[in-house]
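Engineer: So here's query-v5.cif (mmCIF, C-alpha atoms and all ligand atoms).
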data_target
#
loop_
_atom_site.label_atom_id
_atom_site.label_comp_id
_atom_site.auth_asym_id
_atom_site.auth_seq_id
_atom_site.Cartn_x
_atom_site.Cartn_y
_atom_site.Cartn_z
CA MET T 1 0.00 0.00 0.00
CA SER T 2 1.45 3.37 -0.95
CA GLU T 3 1.97 6.24 1.48
CA ARG T 4 -0.85 8.13 -0.23
CA GLN T 5 -3.27 5.24 -0.14
CA GLY T 6 -2.44 4.41 3.49
CA GLY T 7 -5.20 6.54 5.00
CA ASN T 8 -3.47 9.56 3.44
CA ILE T 9 -0.87 9.47 6.19
CA SER T 10 2.83 9.25 5.42
CA MET T 11 6.05 9.67 7.36
CA HIS T 12 6.09 13.26 6.11
CA GLY T 13 2.50 14.06 7.12
CA SER T 14 -0.92 13.80 5.47
CA ALA T 15 -1.39 14.29 1.72
CA ALA T 16 -3.45 17.44 2.44
CA SER T 17 -0.77 19.01 4.60
CA HIS T 18 1.87 18.05 2.02
CA GLU T 19 -0.15 19.79 -0.69
CA ALA T 20 -0.29 22.89 1.53
CA LEU T 21 3.52 22.76 1.94
CA ILE T 22 3.93 22.53 -1.86
CA ARG T 23 1.72 25.58 -2.43
CA ASP T 24 3.42 27.54 0.34
CA GLN T 25 7.00 26.77 -0.79
CA PHE T 26 6.41 27.24 -4.51
CA SER T 27 4.37 30.41 -4.10
CA ARG T 28 7.39 31.85 -2.25
CA GLN T 29 10.03 30.28 -4.52
CA ALA T 30 8.27 31.02 -7.85
CA GLU T 31 10.09 34.16 -8.94
CA LEU T 32 13.62 33.23 -7.80
CA PHE T 33 13.21 29.65 -9.02
CA ALA T 34 12.09 30.80 -12.48
CA ARG T 35 15.26 32.85 -12.85
CA SER T 36 17.72 30.27 -11.51
CA PRO T 37 20.23 29.46 -14.27
CA GLU T 38 21.34 26.28 -12.47
CA LEU T 39 18.13 24.48 -13.43
CA HIS T 40 16.91 26.48 -16.42
CA GLY T 41 19.97 26.65 -18.68
CA ASP T 42 19.43 25.69 -22.33
CA ALA T 43 21.81 22.71 -22.11
CA GLN T 44 19.88 21.20 -19.21
CA ILE T 45 16.46 21.66 -20.76
CA ARG T 46 17.74 20.28 -24.07
CA LEU T 47 18.66 16.97 -22.40
CA LEU T 48 15.03 16.37 -21.52
CA VAL T 49 13.60 17.65 -24.82
CA GLU T 50 15.94 15.47 -26.90
CA ALA T 51 15.12 12.41 -24.79
CA ALA T 52 11.46 12.94 -25.73
CA ARG T 53 12.30 12.73 -29.49
CA PRO T 54 9.76 15.45 -30.36
CA ARG T 55 8.17 15.62 -33.82
CA PRO T 56 6.44 18.70 -35.32
CA GLY T 57 2.93 17.18 -35.12
CA ASP T 58 3.23 16.13 -31.48
CA ALA T 59 1.26 17.29 -28.46
CA ALA T 60 3.48 17.43 -25.35
CA LEU T 61 2.47 17.70 -21.69
CA ASP T 62 4.87 18.69 -18.91
CA VAL T 63 3.42 17.91 -15.46
CA ALA T 64 4.49 19.95 -12.41
CA CYS T 65 5.73 22.39 -15.05
CA GLY T 66 6.66 25.17 -12.60
CA PRO T 67 7.73 28.33 -14.45
CA GLY T 68 7.25 26.71 -17.86
CA THR T 69 10.79 26.57 -19.23
CA VAL T 70 10.37 22.95 -20.38
CA VAL T 71 7.02 23.74 -22.02
CA ALA T 72 8.52 26.75 -23.79
CA ALA T 73 11.36 24.58 -25.14
CA PHE T 74 8.88 21.98 -26.40
CA ALA T 75 6.76 24.71 -28.00
CA ALA T 76 9.54 25.38 -30.52
CA ARG T 77 9.55 21.71 -31.56
CA VAL T 78 5.93 20.45 -31.42
CA ARG T 79 2.40 21.40 -32.48
CA LEU T 80 1.10 21.94 -28.93
CA ALA T 81 2.94 22.20 -25.61
CA ALA T 82 0.88 22.06 -22.40
CA GLY T 83 1.96 22.60 -18.81
CA LEU T 84 0.16 21.60 -15.61
CA ASP T 85 1.07 22.68 -12.08
CA ALA T 86 -0.49 22.78 -8.63
CA THR T 87 0.86 26.25 -7.76
CA GLU T 88 -0.79 29.31 -9.28
CA ALA T 89 2.28 31.55 -8.68
CA MET T 90 4.35 29.15 -10.80
CA LEU T 91 1.73 29.22 -13.58
CA GLU T 92 1.87 33.03 -13.51
CA GLN T 93 5.62 32.79 -14.17
CA ALA T 94 4.91 30.34 -16.98
CA ARG T 95 2.33 32.61 -18.63
CA ALA T 96 4.75 35.55 -18.39
CA LEU T 97 7.49 33.48 -20.05
CA ALA T 98 5.13 32.49 -22.89
CA ARG T 99 4.17 36.16 -23.41
CA GLU T 100 7.80 37.25 -23.35
CA ARG T 101 8.70 34.66 -26.01
CA GLY T 102 5.56 35.26 -28.07
CA LEU T 103 4.48 31.61 -27.90
CA SER T 104 1.04 30.87 -29.32
CA ASN T 105 0.99 27.04 -29.15
CA VAL T 106 1.11 26.67 -25.35
CA GLU T 107 -1.63 25.91 -22.83
CA TRP T 108 -1.52 26.11 -19.03
CA GLN T 109 -3.63 24.16 -16.59
CA ALA T 110 -3.90 24.28 -12.80
CA GLY T 111 -4.11 20.74 -11.48
CA ASP T 112 -2.76 17.78 -9.59
CA VAL T 113 -0.42 15.19 -11.08
CA TYR T 114 -2.43 12.43 -9.38
CA ARG T 115 -5.63 13.43 -11.21
CA LEU T 116 -4.63 14.71 -14.64
CA PRO T 117 -7.65 16.38 -16.29
CA PHE T 118 -6.97 14.78 -19.68
CA ALA T 119 -8.32 11.81 -21.63
CA ASP T 120 -6.41 8.54 -21.94
CA ALA T 121 -3.68 8.69 -24.63
CA ALA T 122 -4.23 12.45 -25.17
CA PHE T 123 -0.50 13.28 -25.59
CA ASP T 124 2.47 12.05 -27.63
CA ILE T 125 4.97 13.16 -24.96
CA VAL T 126 4.49 13.39 -21.19
CA SER T 127 7.37 14.71 -19.08
CA CYS T 128 8.10 15.71 -15.50
CA ARG T 129 11.24 17.50 -14.37
CA PHE T 130 12.65 18.10 -10.87
CA ALA T 131 9.32 17.38 -9.21
CA ILE T 132 9.31 13.63 -8.52
CA HIS T 133 11.09 14.35 -5.22
CA HIS T 134 8.06 16.38 -4.16
CA PHE T 135 5.67 13.48 -4.77
CA GLN T 136 4.69 11.31 -1.83
CA ASP T 137 3.39 8.65 -4.23
CA PRO T 138 5.61 8.81 -7.33
CA ALA T 139 4.32 5.46 -8.62
CA ALA T 140 0.77 6.84 -8.78
CA ALA T 141 2.04 9.99 -10.54
CA VAL T 142 3.92 8.01 -13.20
CA ALA T 143 0.94 5.69 -13.73
CA GLU T 144 -1.20 8.78 -14.37
CA MET T 145 1.43 10.18 -16.77
CA ALA T 146 1.44 6.84 -18.64
CA ARG T 147 -2.36 6.89 -18.84
CA VAL T 148 -2.46 10.21 -20.73
CA CYS T 149 0.41 9.20 -23.08
CA ARG T 150 -0.56 7.38 -26.28
CA PRO T 151 0.94 3.95 -27.06
CA GLY T 152 4.16 4.69 -28.97
CA GLY T 153 4.53 8.03 -27.17
CA ARG T 154 7.40 9.02 -24.87
CA ILE T 155 7.47 9.33 -21.07
CA VAL T 156 10.39 11.37 -19.73
CA LEU T 157 11.36 11.94 -16.10
CA CYS T 158 14.20 14.09 -14.83
CA ASP T 159 15.24 14.54 -11.21
CA GLY T 160 18.10 14.75 -8.75
CA VAL T 161 19.44 11.34 -7.77
CA ALA T 162 20.23 10.20 -4.23
CA SER T 163 23.25 8.04 -3.43
CA SER T 164 22.72 4.28 -3.33
CA ASP T 165 24.44 4.44 0.08
CA PRO T 166 21.44 4.75 2.47
CA ALA T 167 23.34 6.90 4.99
CA LYS T 168 24.40 9.39 2.30
CA ALA T 169 20.89 9.45 0.82
CA ALA T 170 19.42 10.09 4.28
CA ALA T 171 21.85 12.99 4.88
CA PHE T 172 20.94 14.57 1.52
CA ASN T 173 17.23 14.19 2.18
CA ALA T 174 17.57 15.66 5.67
CA MET T 175 19.25 18.75 4.18
CA GLU T 176 16.65 19.04 1.40
CA ARG T 177 13.71 18.70 3.83
CA HIS T 178 15.23 21.45 5.96
CA ARG T 179 15.89 23.61 2.88
CA ASP T 180 12.45 22.92 1.36
CA PRO T 181 9.96 21.14 3.64
CA SER T 182 7.79 20.25 0.64
CA THR T 183 10.44 17.69 -0.36
CA ALA T 184 9.14 14.15 0.05
CA GLU T 185 12.34 12.33 -0.90
CA PHE T 186 15.12 12.30 -3.46
CA ARG T 187 15.32 8.72 -4.70
CA THR T 188 18.05 6.49 -6.10
CA LEU T 189 18.49 5.91 -9.83
CA ARG T 190 17.35 2.33 -9.33
CA PHE T 191 14.11 3.55 -7.72
CA LEU T 192 13.48 6.09 -10.51
CA ALA T 193 14.03 3.43 -13.19
CA GLY T 194 11.66 1.13 -11.28
CA LEU T 195 8.91 3.73 -11.63
CA PHE T 196 8.89 2.97 -15.37
CA THR T 197 8.70 -0.80 -15.07
CA GLY T 198 6.17 -0.46 -12.24
CA ALA T 199 3.90 1.52 -14.58
CA GLY T 200 4.14 -1.15 -17.31
CA LEU T 201 6.77 0.76 -19.31
CA PRO T 202 10.08 -0.70 -20.54
CA PRO T 203 13.28 -0.01 -18.58
CA PRO T 204 14.23 3.61 -19.39
CA GLU T 205 17.22 4.95 -21.27
CA VAL T 206 19.22 7.02 -18.77
CA VAL T 207 21.22 10.21 -19.39
CA PRO T 208 23.15 11.23 -16.27
CA PHE T 209 24.24 14.82 -15.66
CA GLN T 210 25.13 17.11 -12.75
CA VAL T 211 23.60 20.25 -11.26
CA ALA T 212 26.05 22.72 -9.68
CA TYR T 213 24.92 25.43 -7.27
CA GLU T 214 27.05 28.13 -5.74
CA ARG T 215 26.34 27.45 -2.05
CA GLU T 216 25.40 31.00 -1.01
CA ARG T 217 23.12 31.47 -4.01
CA MET T 218 21.34 28.25 -3.13
CA ILE T 219 20.90 29.40 0.47
CA ALA T 220 19.68 32.85 -0.62
CA GLN T 221 17.02 31.28 -2.87
CA SER T 222 15.69 28.91 -0.19
CA PHE T 223 12.98 29.20 2.45
CA PRO T 224 14.24 26.74 5.09
CA VAL T 225 12.48 25.54 8.25
CA ASP T 226 12.39 28.37 10.83
CA ASP T 227 14.31 30.46 8.29
CA ASP T 228 17.43 28.80 9.76
CA ARG T 229 20.00 29.46 7.05
CA GLY T 230 22.95 28.84 9.40
CA ARG T 231 21.82 25.25 9.89
CA LEU T 232 21.24 24.92 6.14
CA ARG T 233 24.82 26.10 5.46
CA GLN T 234 26.16 23.59 8.00
CA MET T 235 24.18 20.76 6.46
CA ILE T 236 25.35 21.61 2.93
CA ASP T 237 28.97 21.81 4.11
CA GLY T 238 28.53 18.43 5.81
CA LEU T 239 27.28 16.88 2.56
CA ILE T 240 30.21 18.34 0.61
CA ALA T 241 32.76 17.22 3.24
CA GLY T 242 31.29 13.70 3.32
CA ASP T 243 30.90 13.54 -0.47
CA ALA T 244 27.30 12.53 0.18
CA MET T 245 26.40 13.22 -3.44
CA ASP T 246 29.15 10.87 -4.74
CA VAL T 247 30.52 13.58 -7.05
CA GLY T 248 34.10 13.58 -5.73
CA SER T 249 35.61 16.33 -3.59
CA VAL T 250 35.27 19.94 -4.72
CA ALA T 251 38.01 22.47 -4.19
CA GLY T 252 37.02 25.21 -1.74
CA GLY T 253 33.77 23.46 -0.82
CA ILE T 254 31.61 26.38 -1.89
CA THR T 255 29.94 24.69 -4.84
CA PHE T 256 27.26 22.14 -4.12
CA ILE T 257 27.04 19.59 -6.94
CA TYR T 258 24.44 16.87 -7.12
CA PRO T 259 23.86 14.08 -9.61
CA ALA T 260 20.71 14.14 -11.73
CA ALA T 261 19.38 12.04 -14.59
CA VAL T 262 16.94 12.10 -17.48
CA LEU T 263 15.09 8.80 -17.85
CA ALA T 264 12.94 8.09 -20.92
CA ALA T 265 10.97 5.23 -22.41
CA THR T 266 8.40 4.61 -25.13
CA ARG T 267 4.96 3.55 -23.95
CA PRO T 268 4.16 0.07 -25.37
C1 LIG F 301 11.09 22.21 -8.22
S1 LIG F 301 9.64 22.73 -9.10
C2 LIG F 301 10.04 22.14 -10.74
C3 LIG F 301 9.31 22.89 -11.82
C4 LIG F 301 9.61 22.50 -13.25
N1 LIG F 301 9.24 21.13 -13.53
C5 LIG F 301 11.04 22.73 -13.64
O1 LIG F 301 11.76 21.79 -13.91
O2 LIG F 301 11.44 23.91 -13.67
C6 LIG F 301 8.42 21.58 -8.58
C7 LIG F 301 7.02 21.91 -9.07
O3 LIG F 301 6.18 20.80 -8.78
C8 LIG F 301 4.88 21.31 -8.53
N2 LIG F 301 4.12 20.24 -7.88
C9 LIG F 301 4.44 19.60 -6.73
N3 LIG F 301 3.51 18.66 -6.44
C10 LIG F 301 2.58 18.70 -7.44
C11 LIG F 301 1.39 17.97 -7.72
N4 LIG F 301 0.96 16.99 -6.91
N5 LIG F 301 0.69 18.25 -8.84
C12 LIG F 301 1.12 19.25 -9.67
N6 LIG F 301 2.24 19.98 -9.45
C13 LIG F 301 2.97 19.71 -8.36
C14 LIG F 301 5.15 22.55 -7.70
O4 LIG F 301 4.05 23.42 -7.67
C15 LIG F 301 6.38 23.12 -8.41
O5 LIG F 301 6.01 24.06 -9.40
#
Since I need it in another form, could you write the structure as structure tokens?
Structural biologist:
Amino acid sequence: MSERQGGNISMHGSAASHEALIRDQFSRQAELFARSPELHGDAQIRLLVEAARPRPGDAALDVACGPGTVVAAFAARVRLAAGLDATEAMLEQARALARERGLSNVEWQAGDVYRLPFADAAFDIVSCRFAIHHFQDPAAAVAEMARVCRPGGRIVLCDGVASSDPAKAAAFNAMERHRDPSTAEFRTLRFLAGLFTGAGLPPPEVVPFQVAYERERMIAQSFPVDDDRGRLRQMIDGLIAGDAMDVGSVAGGITFIYPAAVLAATRP
């Protein structure tokens, strides 16, 4: 039984209170997050878009689309690019981006990844980037993504990856939950790949990459528990010192680097 199904209670609180945390964090983060080059650089977005193998006649859906950078990138390559998110402040950023770029083939939808308001097989591409770690029931989210993707279409996930060493993964998740209490859990690559097979999809192709944050910029953009940025700094330094992200030591210790991956498969 999943955390979500289990009477809506999980180790991180009820589904309703988790949804409230998501709205609270992402309403506050929306503007700074939308401008952060660490996650919204062209090279990073391109990794996901290429993994989707977009064709000009396709309809693409990005769930938990945040400020819409993935949707905007798809819009240049497909017939229709849609974005869905639970946080209105993020959708406002997305609409502003579409206006700024003069995009006319985009659509935005407020909604929940667990109850996508679309018909079965409505899209050729369904993607989700840097949001799986906010989902208490990622298996249910991926099943819903697979439902709205047509047979022969592409499902693409992208997220940060936790170490396969449980102690290192726990340390990373403790820092992330302090930095952003709407984090459910960063999962291992094995777990993320298992989301595909668990949803009846083939094992995914995997493209690993790394995200690098200047530590103080990361702290400045965050809204940690009790606004305790000193503790956040200590936790980040502890992760760097212990190489908890398995990226090797970094000179000076002021850059926080974490592994991430794009995973993609074709729906049978
Ligand atoms: C870290 S942001 C990532 C945004 C975007 N995918 C990107 O890569 O820039 C996570 C997003 O997930 C959204 N989100 C979290 N849980 C959600 C849910 N259950 N349904 C829809 N959106 C959700 C949040 O509102 C937020 O915009």
Engineer: Quick one: residues within 9 Å of Gln221 of chain T, all atoms listed in the file, excluding same-chain residues fewer than 5 positions away - as a PyMOL selection string?
Structural biologist: chain T and resi 29+32-33+36+216
Engineer: For the residues in that selection, give me C-alpha atoms as an mmCIF file, in the coordinates of the input.
Structural biologist:
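For reference, out-v6.cif as written:
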data_model
loop_
_atom_site.group_PDB
_atom_site.id
_atom_site.type_symbol
_atom_site.label_atom_id
_atom_site.label_comp_id
_atom_site.auth_asym_id
_atom_site.auth_seq_id
_atom_site.Cartn_x
_atom_site.Cartn_y
_atom_site.Cartn_z
ATOM 1 C CA GLN T 29 10.030 30.280 -4.520
ATOM 2 C CA LEU T 32 13.620 33.230 -7.800
ATOM 3 C CA PHE T 33 13.210 29.650 -9.020
ATOM 4 C CA SER T 36 17.720 30.270 -11.510
ATOM 5 C CA GLU T 216 25.400 31.000 -1.010
#
Engineer: Please determine, counting all atoms listed in the file, which residue among T:Ser222, T:Ser182, T:Ser164, T:Asn105 has the shortest atom-to-atom distance to ligand LIG 301 (chain F).
Structural biologist: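 Nearest candidate to ligand LIG 301 (chain F) out of T:Ser222, T:Ser182, T:Ser164, T:Asn105: T:Ser182.
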Engineer: Please identify all protein, DNA and RNA residues within 6 Å of ligand LIG 301 (chain F), counting only C-alpha atoms and all ligand atoms, and report them as JSON, numbers by chain.
Structural biologist: {"T": [22, 26, 64, 65, 66, 67, 85, 86, 87, 90, 111, 112, 113, 128, 129, 130, 131, 134, 135]}
Engineer: One number please: atom CA of Met175 of chain T to atom CA of Pro204 of chain T, in Å, one decimal.
Structural biologist: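 Atom CA of Pro204 of chain T lies 28.5 Å from atom CA of Met175 of chain T.
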Engineer: Distance atom CA of Tyr258 of chain T-atom CA of Ala73 of chain T, one decimal place?
Structural biologist: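 Taking atom CA of Tyr258 of chain T as the start and atom CA of Ala73 of chain T as the end point, the length is 23.6 Å.
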Engineer: Please, what is the axis-aligned box for every listed atom of segment 94-97 of chain T with 5 Å on each side, as centre and edge lengths in Å to one decimal, as JSON?
Structural biologist:
{"center_x": 4.9, "center_y": 32.9, "center_z": -18.5, "size_x": 15.2, "size_y": 15.2, "size_z": 13.1}
Engineer: Could you pull the residues within 8 Å of Val207 of chain T, counting all atoms listed in the file, minus those fewer than 3 positions along the same chain, as number ranges by chain?
Structural biologist: T: 47, 261-263
Engineer: Place a sphere of radius 8 Å on (7.2, 9.7, -1.0) in the file coordinates and name every protein, DNA or RNA residue with an atom inside or on its surface, counting all atoms listed in the file; give the answer as a PDB file with C-alpha atoms, in the coordinates of the input.
Structural biologist:
ATOM      1  CA  GLU T   3       1.970   6.240   1.480  1.00  0.00           C
ATOM      2  CA  SER T  10       2.830   9.250   5.420  1.00  0.00           C
ATOM      3  CA  HIS T 133      11.090  14.350  -5.220  1.00  0.00           C
ATOM      4  CA  HIS T 134       8.060  16.380  -4.160  1.00  0.00           C
ATOM      5  CA  PHE T 135       5.670  13.480  -4.770  1.00  0.00           C
ATOM      6  CA  GLN T 136       4.690  11.310  -1.830  1.00  0.00           C
ATOM      7  CA  ASP T 137       3.390   8.650  -4.230  1.00  0.00           C
ATOM      8  CA  PRO T 138       5.610   8.810  -7.330  1.00  0.00           C
ATOM      9  CA  ALA T 184       9.140  14.150   0.050  1.00  0.00           C
ATOM     10  CA  GLU T 185      12.340  12.330  -0.900  1.00  0.00           C
TER      11      GLU T 185
END
Engineer: Calculated over all atoms listed in the file, which of the candidates T:Ala167, T:Ala260, T:Ala20, T:Val78 has the smallest distance to Ala52 of chain T?
Structural biologist: T:Val78
Engineer: Which residues are close to Val71 of chain T, i.e. within 12 Å by all atoms listed in the file, leaving aside same-chain residues fewer than 4 positions away? Reply as a PyMOL selection string.
Structural biologist: chain T and resi 40+45-46+48-49+59-67+75-85+91+94-95+97-98+101+103-109+125-129
Engineer: Of the candidates T:Glu205, T:Leu157, T:Arg179, T:Tyr213, which one gets nearest to Asp226 of chain T if we count only C-alpha atoms?
Structural biologist: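 For Asp226 of chain T, the nearest of the candidates is T:Arg179.
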Engineer: Take the point (22.5, 29.6, 6.6) in the file's coordinates, draw a sphere of radius 6 Å around it, and report as a PyMOL selection string every protein, DNA or RNA residue with an atom inside or on it, counting only C-alpha atoms.
Structural biologist: chain T and resi 229-233
Engineer: Give me, as a PyMOL selection string, all polymer residues having an atom no more than 8 Å from Gln25 of chain T, counting all atoms listed in the file and skipping those fewer than 6 positions away in the same chain.
Structural biologist: chain T and resi 180-182+223
